[in-house]
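> Can you keep this structure in mind? I'll have questions shortly.
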Amino acid sequence: MFNLMLKKSLLPLLFLFLSLSSFSQGYDIHLSLKPFSNSQVYLGYHYGKIKAVADSITLDGNAEGRFKGKDSLPEGVYFIVSPKKEILFELLIGRKQQFSVSADTARLPQSIVFTGSPENTAFQEYTLFMNSHGREMAGLQTQLSQSKSKKDSAGIQQQLRKANEEVKNYRDQVEKKEPGSLLSTLLLALREPVVPPAPVTLREDEKKNYAYRYFKDHYWDHISFTDDRLIRTPVFEPKLDRYYKDLVSPDPDSINREIDHMLLYSRTNKEMFKYLLVHFVQKYINPDYMGQDAVFVHLFEKYINTGQATFFTEKYRKFVDDRAYSLMANLIGQPAPELTMTDTLGKTRSLYDVDANFVVICFWDPTCSHCKETVPKVDSIYEAKWKKEGVKLMGVMVDGGKDNWTKFILDHNLKDWIHVYQTTAQHAADSSAGRPDYRQLYDVYQTPILYLLDKNKRIVAKKLSYQQLDEVLNLKLKKADG
């Protein structure tokens with residue numbers, strides 16, 4: 001089902017969504033689509049993983065109509081969407097944007113016929129070829145999984161190799177016949193490196209990593225980072241995601257090097273540069289792995305804050321700025337920001353006065369349901385294990401009110417914590433002095449949030465569950481003992 005509404009997680013992209021580029025020749029696509037007479041249909045397009053609408057028309061009583069505009073559409077893979085918002089079939093929008101397409105939805109994809117667009121005719125032939133071979137190969141895979149003899153398995157594997165070779169040869173013929181066409185570019189993007197045997201001259205240790213290195217080094221052989229047509233296909237973004245997931249080391253320095261390389265090569269194509277920068281910002285502004293927010297900070301400092309993201313709207317730029325300034329102060333390996341707050345007895349306490357091999361900071365709210373469940377468990381592991389390992393626990397009340405806070409502490413016997421909160425006077429003093437709030441410094445936008453600091457108050461881990469934090473602590477203690 002094609003959804004015209006973007007997912008909530010992609011809402012920030014609405015602030016900078018890139019409009020369709022304009023060219024003078026225009027587009028004129030005649031559509032005949034049975035049985036949708038007197039019905040509204042849509043011309044959609046890919047933008048990375050997003051699907052959006054480029055145009056819509058109401059078909060007449062003969063189920064015919066024209067998508068027409070004075071400005072040409074950006075080249076890429078488009079699709080026809082039914083009145084029920086279902087994607088019916090794909091088509092290519094290349095340089096020639098005046099053609100006809102007819103189809104009967106009762107017989108898709110066989111009924112699709114293009115007139116005046118040789119590239120789409122070739123695309124349709126390729127689609128039918130792949131559908132046929134796909135069914136054949138799926139059947140062979142099923143037979144292979146059910147095969148009970150080596151002889152039968154060998155025969156099936158031979159048939160699979162033959163089918164794969166036929167697909168490769170078909171793609172090669174298309175690429176040779178129409179080099180540089182959108183269809184050829186699409187097929188080249190689907191290619192994967194074929195790893196040859198390791199050279200005999202390599203050392204044994206080099207041979208172990210040869211396949212990985214070769215595959216990674218040749219992964220982008222057939223992709224041009226100056227060809228923005230790839231942005232509007234369903235293949236480029238998954239290929240990009242796979243590269244960073246499977247082939248790039250997850251540490252921020254390695255990711256930054258790869259991103260800088262791609263952005264450098266894409267500079268001559270404004271659309272590709274925009275797409276890549278936005279893609280990486282969205283990916284690392286709230287990353288999947290702890291510490292990778294340093295990649296977002298790198299992007300902010302090197303590209304966004306140096307005037308290279310002028311295509312951001314004012315609203316999106318504020319969103320990015322706020323996140324960057326919240327994350328800069330709490331990157332892994334950096335000294336934790338000072339916390340000077342008041343304890344339950346009214347005494348001023350400082351984070352940097354806490355003398356311990358490790359400090360766990362727990363930002364929590366006594367009225368938060370998740371906190372009510374988690375905080376007692378943090379206390380249990382602290383009393384049973386962490387305290388013996390030289391850990392001290394500082395609890396920071398974020399919200400919920402002082403009375404609820406002190407009552408929760410007493411009710412749950414959280415006796416060995418350093419309990420602190422920021423008074424109204426302390427908040428006012430920070431504000432009048434222009435100092436950032438602790439919520440910004442520690443990026444506290446929900447509760448509970450846990451930080452692990454070392455003896456020198458450098459951030460070791462953050463925003464993990466207490467179980468994950470315990471695993472990190474175990475690794476640090478083993479390393480110290482070893």
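The way I read the labels, and the way they are meant: chains A, B, ... in the order of the structure tokens, residue 1 as the first residue of every chain, and ligand 1 as the first ligand shown, with later ones counted on from there.
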Name all residues at most 7 Å from stretch 370-386 of chain A (count only C-alpha atoms; drop same-chain ones fewer than 4 positions away) and give them as a list in words.
Trp364, Asp365, Pro366, Gly390, Val391, His412, Leu414, Thr447, Pro448 and Tyr466 of chain A
> Hey, can you spit out that residue selection with N, CA, C and O atoms as a PDB file, in the first residue's frame?

ATOM      1  N   TRP A 364      16.570  11.326  36.492  1.00  0.00           N
ATOM      2  CA  TRP A 364      15.291  10.652  36.654  1.00  0.00           C
ATOM      3  C   TRP A 364      14.219  11.587  37.191  1.00  0.00           C
ATOM      4  O   TRP A 364      14.494  12.702  37.646  1.00  0.00           O
ATOM      5  N   ASP A 365      12.974  11.091  37.109  1.00  0.00           N
ATOM      6  CA  ASP A 365      11.792  11.845  37.527  1.00  0.00           C
ATOM      7  C   ASP A 365      10.925  10.902  38.360  1.00  0.00           C
ATOM      8  O   ASP A 365      10.517   9.844  37.874  1.00  0.00           O
ATOM      9  N   PRO A 366      10.634  11.241  39.630  1.00  0.00           N
ATOM     10  CA  PRO A 366       9.879  10.330  40.496  1.00  0.00           C
ATOM     11  C   PRO A 366       8.442  10.078  40.040  1.00  0.00           C
ATOM     12  O   PRO A 366       7.797   9.151  40.514  1.00  0.00           O
ATOM     13  N   GLY A 390      33.898   0.085  43.259  1.00  0.00           N
ATOM     14  CA  GLY A 390      34.399   1.456  43.300  1.00  0.00           C
ATOM     15  C   GLY A 390      33.542   2.453  42.564  1.00  0.00           C
ATOM     16  O   GLY A 390      34.024   3.512  42.148  1.00  0.00           O
ATOM     17  N   VAL A 391      32.256   2.121  42.384  1.00  0.00           N
ATOM     18  CA  VAL A 391      31.331   3.014  41.684  1.00  0.00           C
ATOM     19  C   VAL A 391      30.561   3.854  42.706  1.00  0.00           C
ATOM     20  O   VAL A 391      30.181   3.360  43.765  1.00  0.00           O
ATOM     21  N   HIS A 412      11.834   3.871  48.813  1.00  0.00           N
ATOM     22  CA  HIS A 412      12.623   2.819  48.169  1.00  0.00           C
ATOM     23  C   HIS A 412      14.019   2.677  48.777  1.00  0.00           C
ATOM     24  O   HIS A 412      14.872   1.946  48.234  1.00  0.00           O
ATOM     25  N   LEU A 414      16.719   4.507  48.959  1.00  0.00           N
ATOM     26  CA  LEU A 414      17.858   4.802  48.082  1.00  0.00           C
ATOM     27  C   LEU A 414      18.908   5.567  48.889  1.00  0.00           C
ATOM     28  O   LEU A 414      19.243   6.707  48.613  1.00  0.00           O
ATOM     29  N   THR A 447      13.482  10.608  30.403  1.00  0.00           N
ATOM     30  CA  THR A 447      14.024   9.983  31.616  1.00  0.00           C
ATOM     31  C   THR A 447      13.552   8.526  31.668  1.00  0.00           C
ATOM     32  O   THR A 447      12.483   8.197  31.137  1.00  0.00           O
ATOM     33  N   PRO A 448      14.348   7.639  32.322  1.00  0.00           N
ATOM     34  CA  PRO A 448      15.659   7.915  32.915  1.00  0.00           C
ATOM     35  C   PRO A 448      16.762   7.876  31.859  1.00  0.00           C
ATOM     36  O   PRO A 448      16.607   7.228  30.823  1.00  0.00           O
ATOM     37  N   TYR A 466      20.581  -0.054  32.276  1.00  0.00           N
ATOM     38  CA  TYR A 466      21.504  -0.364  33.372  1.00  0.00           C
ATOM     39  C   TYR A 466      22.214  -1.695  33.137  1.00  0.00           C
ATOM     40  O   TYR A 466      23.367  -1.887  33.547  1.00  0.00           O
TER      41      TYR A 466
END
> Let's see if you can do this: from backbone DSSP, list all strand (DSSP E) residues in stretch 50-172 of chain A, as a PyMOL selection string.
chain A and resi 50-58+64-69+76-81+87-93+98-104+113-115
> Can you list every residue in stretch 313-481 of chain A that DSSP puts in alpha helix (DSSP H), as a VMD selection string?
chain A and resid 314 to 327 369 to 384 402 to 411 424 to 432 438 to 441 466 to 481
> State, in Å with one decimal place, the distance from atom CA of A:Glu166 to atom CA of A:Gly139.
16.2 Å
> Write out as JSON, numbers by chain the residues lying within 10 Å of A:Arg171, counting only C-alpha atoms and excluding same-chain residues fewer than 5 positions away.
{"A": [126, 165, 166, 176, 177, 183, 184, 187, 188, 190, 191]}
